[in-house]
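Read through the structure below, which is laid out as structure tokens, and then see the notes.
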Amino acid sequence: MTTIGHFINGENYAENISLNSNKNDTRTQAVYNPATGEVTKQVSLASKQTVEHAIAAAEQAFPAWRNTPAIKRARIMFRFKELLEQNADTICQLIGEEHGKISHDAAGELQRGIENVEFACAAPELLKGEHSKNVGPNIDSWSEFQPLGVVAGITPFNFPAMVPMWMFPLAIVCGNTFVLKPSERDPSSTLLIAQLLKEAGLPDGVINVVNGDKEAVDTLLSDERVKAVSFVGSTPVAESIYSQATTNGKRCQALGGAKNHAIVMPDADMENTVNQLLGAAFGSSGERCMALSVAVAVGDEAADALVERMQKAMQTLAIGDYSNVNNDFGPVITKAHQEKVNGFISSAEQQGAKIAVDGRNPNVVGFENGFFVGATLIDHVSKEMDSYRAEIFGPVLQVVRVKTMEEAMQLINDHEYGNGTCIFTRDGEAARYFSDHIQVGMVGINVPLPVPVAYHSFGGWKRSLFGDLHAYGPDGVRFYTKRKTITQRWPSSGVREGVSFSFPS
Ligand code: NAD
């Protein structure tokens, strides 16, 4: 069985080639095909020593890379983009085999990742500083944006190609070197992407990938050569990583979990709303941090119409493995996660909600051992229920019934998460009020998954993001650089300068 290793200093690196000959620690973890439930590969879990080796490679590569003109760094990104497109089928297949998402969904993920590479191609423009001439007699001043050094990225299982590309393309074109710790649950596509960067001409050591778990992460967080950490994953881990990284003096942005609500107003176009909700709630088995997991229906009439239409539409959904493009979504990531999602559905039932469509134990012919949960609709959910408070991260849409839009907005504003939200309405005034006052970082108006494009930035509010700067786009450039402001004077020859003890003005 294949064991997936690491990519360090431009080479595939196997854990059992220990740097310290006394140590031969080869911890591994099973990688599954979630559609069949079978173990298909093993992944090496990097030891502290291996991670330190990757950090050393990144540190060594930094001085030359820092001094490489931004246009040359950008040219590598142009070639990398082409290679991603040429290898798209292989990348999507690896994502499908290990994550389980259907190939059309994997292609969408890859495309959104490529858009971040395209944004990074603008490096010379993005890194232009700010200049002020004659801030005083013969004095000019400018600000420039310098790289930080070695920076690290720690990423989740649900977007093994896209989320790493929220980070390293921009970090690299800004002149940093990078150590990436992808999810150990679906590591292969990320590793291939790093290998393509070498093919694109990236010097060895500029990007390094270490697969692993907490041991690898702890090493990245404690090593003083790592200057900044970008994290995307669940909120408890995000909070802990933010706290450790900042305590250790590192810059950190840690994006966490979500509970994304859609308000369905009585005037919404119900057919369009149902179509939008289907994809946003159940696409990728609901394993998206922007998945819509709660529909807040304003008025019983809207709620009844929504539930009735959803029940009907959900009968048409097809689930199965990644390779059949007619499938709408695939399995969830692990057996344990399947049980967790089923457990939330059962708890909602026990706490008084009504299961309108039950996706527990679906019959997926030919994939009986896969980790499938069918599309589930739960009506009459209330804010005290466990299934409402927690992030389920499965194909489960819950309906909460309220009387007014104010009540709906209060519900959203009171929730601990603030990643994404959306309103379905025909009323421009209501939509404008909603987008202005809702306490959520990414807002859609008749747009169910308002994931910002690469030239804006991505991030939630409240406990969906720890840190000041959002991911990628303009915030990404600021995160991966530090501002230096230079004030310069070249007195005219022959001019003698007097002594002054006053503050310069
Ligand atoms: P996770 O938090 O379990 O893992 C994320 C990363 O952290 C992985 O690389 C993992 O190896 C590492 N990790 C896990 N436990 C750790 C620990 N105790 N100490 C140190 N490192 C640890 O998340 P996941 O299950 O891979 O991904 C799903 C979660 O990610 C969901 O909560 C989802 O909402 C969130 N997510 C958020 C965004 C966003 O932009 N806000 C995007 C995608 C996913």
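Chain labels A, B, ... are given in the sequence in which chains occur in the structure tokens; within each chain residues are numbered consecutively from 1, and ligands are likewise numbered from 1 in the order shown.
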Based on the backbone DSSP call, show me all residues of range 78-263 of chain A assigned strand (DSSP E or B), as a ChimeraX atom specification.
/A:130-136,139-147,150-154,177-181,207-209,226-232,251-255,260-263
Just N, CA and C atoms for this one: save the residues we selected as a tab-separated table (two decimals), in the first residue's frame.
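Heads up, here's the output in part.tsv:
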```tsv
chain	number	residue	atom	x	y	z
A	130	GLU	N	4.10	53.02	-1.26
A	130	GLU	CA	3.45	54.34	-1.24
A	130	GLU	C	4.57	55.37	-1.15
A	131	HIS	N	4.49	56.43	-1.96
A	131	HIS	CA	5.60	57.38	-2.01
A	131	HIS	C	5.11	58.80	-1.83
A	132	SER	N	5.81	59.56	-0.99
A	132	SER	CA	5.49	60.99	-0.83
A	132	SER	C	6.76	61.80	-1.02
A	133	LYS	N	6.72	62.69	-1.98
A	133	LYS	CA	7.90	63.52	-2.25
A	133	LYS	C	7.80	64.81	-1.43
A	134	ASN	N	8.96	65.30	-1.00
A	134	ASN	CA	9.01	66.58	-0.29
A	134	ASN	C	8.10	66.62	0.94
A	135	VAL	N	8.24	65.62	1.80
A	135	VAL	CA	7.50	65.69	3.07
A	135	VAL	C	8.12	66.77	3.97
A	136	GLY	N	9.33	67.19	3.65
A	136	GLY	CA	10.04	68.31	4.27
A	136	GLY	C	11.05	68.79	3.26
A	139	ILE	N	13.32	66.29	1.58
A	139	ILE	CA	13.03	65.01	2.25
A	139	ILE	C	11.89	64.29	1.52
A	140	ASP	N	12.15	63.03	1.19
A	140	ASP	CA	11.12	62.17	0.60
A	140	ASP	C	10.85	61.01	1.55
A	141	SER	N	9.65	60.48	1.45
A	141	SER	CA	9.31	59.36	2.34
A	141	SER	C	8.53	58.32	1.56
A	142	TRP	N	8.79	57.04	1.84
A	142	TRP	CA	8.00	55.99	1.20
A	142	TRP	C	7.82	54.79	2.13
A	143	SER	N	6.75	54.07	1.86
A	143	SER	CA	6.50	52.83	2.59
A	143	SER	C	6.65	51.68	1.60
A	144	GLU	N	7.32	50.63	2.06
A	144	GLU	CA	7.43	49.44	1.22
A	144	GLU	C	6.97	48.23	2.03
A	145	PHE	N	6.66	47.16	1.33
A	145	PHE	CA	6.07	45.99	1.98
A	145	PHE	C	7.04	44.83	1.85
A	146	GLN	N	7.66	44.49	2.96
A	146	GLN	CA	8.71	43.48	2.94
A	146	GLN	C	8.17	42.13	3.41
A	147	PRO	N	8.75	41.04	2.88
A	147	PRO	CA	8.29	39.71	3.32
A	147	PRO	C	8.65	39.46	4.78
A	150	VAL	N	9.93	32.89	6.92
A	150	VAL	CA	9.27	31.59	6.79
A	150	VAL	C	7.86	31.71	7.37
A	151	VAL	N	6.86	31.37	6.57
A	151	VAL	CA	5.49	31.39	7.08
A	151	VAL	C	4.87	30.00	6.88
A	152	ALA	N	3.88	29.70	7.73
A	152	ALA	CA	3.30	28.36	7.71
A	152	ALA	C	1.81	28.43	7.42
A	153	GLY	N	1.29	27.37	6.81
A	153	GLY	CA	-0.15	27.24	6.57
A	153	GLY	C	-0.62	25.89	7.08
A	154	ILE	N	-1.76	25.88	7.76
A	154	ILE	CA	-2.33	24.63	8.28
A	154	ILE	C	-3.77	24.59	7.76
A	177	THR	N	8.98	32.33	2.22
A	177	THR	CA	9.05	30.90	1.94
A	177	THR	C	8.04	30.21	2.85
A	178	PHE	N	7.61	28.99	2.47
A	178	PHE	CA	6.37	28.46	3.05
A	178	PHE	C	6.52	27.02	3.49
A	179	VAL	N	5.93	26.71	4.65
A	179	VAL	CA	5.77	25.31	5.08
A	179	VAL	C	4.28	25.07	5.25
A	180	LEU	N	3.77	24.11	4.47
A	180	LEU	CA	2.33	23.82	4.49
A	180	LEU	C	2.08	22.49	5.20
A	181	LYS	N	1.11	22.51	6.11
A	181	LYS	CA	0.69	21.27	6.78
A	181	LYS	C	-0.77	21.04	6.39
A	207	ILE	N	8.71	26.27	-1.23
A	207	ILE	CA	7.52	25.64	-0.64
A	207	ILE	C	7.88	24.24	-0.16
A	208	ASN	N	7.39	23.91	1.02
A	208	ASN	CA	7.62	22.60	1.62
A	208	ASN	C	6.29	22.12	2.18
A	209	VAL	N	6.03	20.83	2.01
A	209	VAL	CA	4.78	20.27	2.54
A	209	VAL	C	5.11	19.17	3.53
A	226	VAL	N	9.58	30.40	12.37
A	226	VAL	CA	8.29	30.61	11.67
A	226	VAL	C	7.71	31.94	12.14
A	227	LYS	N	7.52	32.86	11.19
A	227	LYS	CA	7.13	34.22	11.56
A	227	LYS	C	5.62	34.45	11.55
A	228	ALA	N	4.90	33.63	10.79
A	228	ALA	CA	3.44	33.85	10.72
A	228	ALA	C	2.76	32.53	10.40
A	229	VAL	N	1.51	32.41	10.87
A	229	VAL	CA	0.75	31.18	10.66
A	229	VAL	C	-0.65	31.54	10.14
A	230	SER	N	-1.01	30.91	9.01
A	230	SER	CA	-2.40	30.99	8.52
A	230	SER	C	-3.03	29.65	8.82
A	231	PHE	N	-4.18	29.68	9.45
A	231	PHE	CA	-4.87	28.43	9.79
A	231	PHE	C	-6.30	28.50	9.26
A	232	VAL	N	-6.80	27.37	8.75
A	232	VAL	CA	-8.22	27.23	8.43
A	232	VAL	C	-8.67	25.86	8.95
A	251	ARG	N	2.65	36.36	13.90
A	251	ARG	CA	1.43	36.91	13.31
A	251	ARG	C	0.52	35.71	13.01
A	252	CYS	N	-0.77	35.86	13.25
A	252	CYS	CA	-1.65	34.70	13.01
A	252	CYS	C	-3.02	35.14	12.50
A	253	GLN	N	-3.53	34.40	11.56
A	253	GLN	CA	-4.94	34.51	11.13
A	253	GLN	C	-5.48	33.08	11.21
A	254	ALA	N	-6.55	32.88	11.99
A	254	ALA	CA	-7.07	31.53	12.18
A	254	ALA	C	-8.57	31.53	11.89
A	255	LEU	N	-8.93	30.92	10.76
A	255	LEU	CA	-10.32	30.90	10.33
A	255	LEU	C	-10.98	29.64	10.85
A	260	ASN	N	-24.19	28.91	8.93
A	260	ASN	CA	-24.63	29.95	8.00
A	260	ASN	C	-26.15	29.91	7.81
A	261	HIS	N	-26.79	31.05	8.10
A	261	HIS	CA	-28.24	31.15	8.02
A	261	HIS	C	-28.65	31.85	6.72
A	262	ALA	N	-29.77	31.40	6.17
A	262	ALA	CA	-30.40	32.14	5.06
A	262	ALA	C	-31.76	32.59	5.54
A	263	ILE	N	-32.05	33.87	5.41
A	263	ILE	CA	-33.40	34.34	5.72
A	263	ILE	C	-34.25	34.19	4.46
```
Within 9 Å of ligand 1, counting only C-alpha atoms and all ligand atoms: which residues, as a ChimeraX atom specification?
/A:153-159,163,181-185,211-218,231-238,240-241,254-259,287-291,333,391-393,419,458-460,464-465,471
Select from range 34-191 of chain A everything DSSP, run on the backbone, classes as helix (DSSP H, G or I), then give the selection as a ChimeraX atom specification.
/A:48-66,70-86,88-99,103-120,123-126,162-173,188-191
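CA of Gly359 in chain A is positioned 4.8 Å from CA of Thr376 in chain A.
Using only C-alpha atoms, the shortest contact distance between Met270 in chain A and any of A:Glu125, A:Glu308, A:Glu406, A:Asp436 is found at A:Glu308.
Shortest atom-to-atom contact with Ala56 in chain A among A:Ala305, A:Ala245, A:Val396, A:Leu220: A:Leu220, counting only C-alpha atoms.
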List the neighbours of range 362-365 of chain A out to 12 Å using only C-alpha atoms; skip same-chain residues closer than 3 positions along the sequence, and give me the result as a PyMOL selection string.
chain A and resi 35-36+317-321+327+329-331+338+342+357-359+368-376
Selection export as a tab-separated table (two decimals), in the first residue's frame, atoms kept: N, CA, C and O atoms:
```
chain	number	residue	atom	x	y	z
A	35	ALA	N	-16.19	6.83	-0.15
A	35	ALA	CA	-17.35	6.26	-0.86
A	35	ALA	C	-17.42	4.74	-0.69
A	35	ALA	O	-18.50	4.16	-0.71
A	36	THR	N	-16.27	4.10	-0.51
A	36	THR	CA	-16.27	2.64	-0.34
A	36	THR	C	-16.01	2.23	1.11
A	36	THR	O	-16.24	1.09	1.48
A	317	LEU	N	-32.47	14.23	-5.60
A	317	LEU	CA	-31.02	14.30	-5.39
A	317	LEU	C	-30.38	12.92	-5.49
A	317	LEU	O	-30.91	11.94	-4.96
A	318	ALA	N	-29.22	12.88	-6.15
A	318	ALA	CA	-28.52	11.60	-6.31
A	318	ALA	C	-27.21	11.64	-5.52
A	318	ALA	O	-26.47	12.62	-5.61
A	319	ILE	N	-26.96	10.58	-4.74
A	319	ILE	CA	-25.67	10.53	-4.04
A	319	ILE	C	-24.90	9.29	-4.47
A	319	ILE	O	-25.49	8.29	-4.88
A	320	GLY	N	-23.59	9.38	-4.40
A	320	GLY	CA	-22.76	8.26	-4.84
A	320	GLY	C	-21.30	8.68	-4.87
A	320	GLY	O	-20.91	9.62	-4.17
A	321	ASP	N	-20.51	7.98	-5.69
A	321	ASP	CA	-19.08	8.26	-5.65
A	321	ASP	C	-18.69	9.37	-6.63
A	321	ASP	O	-19.48	9.75	-7.50
A	327	ASN	N	-24.10	12.39	-10.04
A	327	ASN	CA	-24.33	12.49	-8.59
A	327	ASN	C	-24.28	13.95	-8.17
A	327	ASN	O	-23.50	14.75	-8.70
A	329	PHE	N	-23.98	14.86	-4.72
A	329	PHE	CA	-22.92	14.93	-3.70
A	329	PHE	C	-22.52	13.54	-3.26
A	329	PHE	O	-23.19	12.55	-3.58
A	330	GLY	N	-21.41	13.48	-2.54
A	330	GLY	CA	-20.82	12.20	-2.16
A	330	GLY	C	-20.95	11.92	-0.68
A	330	GLY	O	-21.84	12.46	0.00
A	331	PRO	N	-20.05	11.11	-0.16
A	331	PRO	CA	-20.09	10.74	1.26
A	331	PRO	C	-19.51	11.85	2.13
A	331	PRO	O	-18.94	12.81	1.62
A	338	GLN	N	-19.74	10.52	9.95
A	338	GLN	CA	-21.08	10.05	9.57
A	338	GLN	C	-21.93	9.83	10.83
A	338	GLN	O	-23.08	10.27	10.91
A	342	ASN	N	-25.34	11.86	11.95
A	342	ASN	CA	-26.56	11.12	12.29
A	342	ASN	C	-27.01	11.43	13.71
A	342	ASN	O	-28.21	11.54	14.00
A	357	VAL	N	-37.33	15.32	6.02
A	357	VAL	CA	-36.70	14.35	5.12
A	357	VAL	C	-35.55	13.74	5.91
A	357	VAL	O	-34.69	14.47	6.43
A	358	ASP	N	-35.54	12.42	6.02
A	358	ASP	CA	-34.56	11.74	6.88
A	358	ASP	C	-33.46	11.11	6.02
A	358	ASP	O	-33.72	10.20	5.24
A	359	GLY	N	-32.22	11.59	6.18
A	359	GLY	CA	-31.11	11.07	5.37
A	359	GLY	C	-30.26	10.04	6.10
A	359	GLY	O	-29.23	9.62	5.58
A	368	GLU	N	-22.29	0.26	-0.25
A	368	GLU	CA	-22.99	0.02	1.03
A	368	GLU	C	-22.10	0.34	2.24
A	368	GLU	O	-22.61	0.62	3.32
A	369	ASN	N	-20.78	0.26	2.06
A	369	ASN	CA	-19.90	0.54	3.21
A	369	ASN	C	-19.36	1.98	3.23
A	369	ASN	O	-18.49	2.32	4.02
A	370	GLY	N	-19.87	2.80	2.31
A	370	GLY	CA	-19.41	4.19	2.25
A	370	GLY	C	-19.98	5.01	3.39
A	370	GLY	O	-20.96	4.62	4.03
A	371	PHE	N	-19.37	6.18	3.60
A	371	PHE	CA	-19.77	7.02	4.74
A	371	PHE	C	-20.84	8.03	4.30
A	371	PHE	O	-20.64	9.25	4.35
A	372	PHE	N	-21.96	7.50	3.83
A	372	PHE	CA	-22.98	8.40	3.25
A	372	PHE	C	-24.01	8.84	4.29
A	372	PHE	O	-24.41	8.06	5.16
A	373	VAL	N	-24.43	10.08	4.14
A	373	VAL	CA	-25.61	10.58	4.84
A	373	VAL	C	-26.45	11.24	3.74
A	373	VAL	O	-25.93	12.04	2.96
A	374	GLY	N	-27.71	10.89	3.67
A	374	GLY	CA	-28.56	11.49	2.65
A	374	GLY	C	-28.99	12.89	3.05
A	374	GLY	O	-28.90	13.29	4.22
A	375	ALA	N	-29.48	13.63	2.06
A	375	ALA	CA	-29.95	15.00	2.33
A	375	ALA	C	-31.08	14.95	3.36
A	375	ALA	O	-32.01	14.16	3.24
A	376	THR	N	-30.95	15.81	4.36
A	376	THR	CA	-31.89	15.80	5.49
A	376	THR	C	-32.49	17.18	5.69
A	376	THR	O	-31.76	18.19	5.63
```
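Surrounding range 346-351 of chain A within 8 Å are Ile378, Val381, Met385, Asp386 and Ser387 of chain A, with only C-alpha atoms counted and residues fewer than 5 positions along the same chain left out.
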Using only N, CA and C atoms, please write the residues we just selected to a file, as a short mmCIF file (atom, residue, chain, number, x, y, z; two decimals), in the first residue's frame.
```cif
data_model
loop_
_atom_site.label_atom_id
_atom_site.label_comp_id
_atom_site.auth_asym_id
_atom_site.auth_seq_id
_atom_site.Cartn_x
_atom_site.Cartn_y
_atom_site.Cartn_z
N ILE A 378 -34.86 19.31 8.45
CA ILE A 378 -35.45 19.28 9.79
C ILE A 378 -36.25 20.57 9.99
N VAL A 381 -37.11 23.74 14.11
CA VAL A 381 -35.90 23.74 14.94
C VAL A 381 -35.91 25.01 15.78
N MET A 385 -31.75 24.02 20.64
CA MET A 385 -31.39 22.64 20.27
C MET A 385 -29.90 22.51 19.96
N ASP A 386 -29.34 21.36 20.32
CA ASP A 386 -27.91 21.11 20.05
C ASP A 386 -27.62 21.21 18.56
N SER A 387 -28.53 20.67 17.75
CA SER A 387 -28.30 20.65 16.30
C SER A 387 -28.29 22.07 15.74
#
```
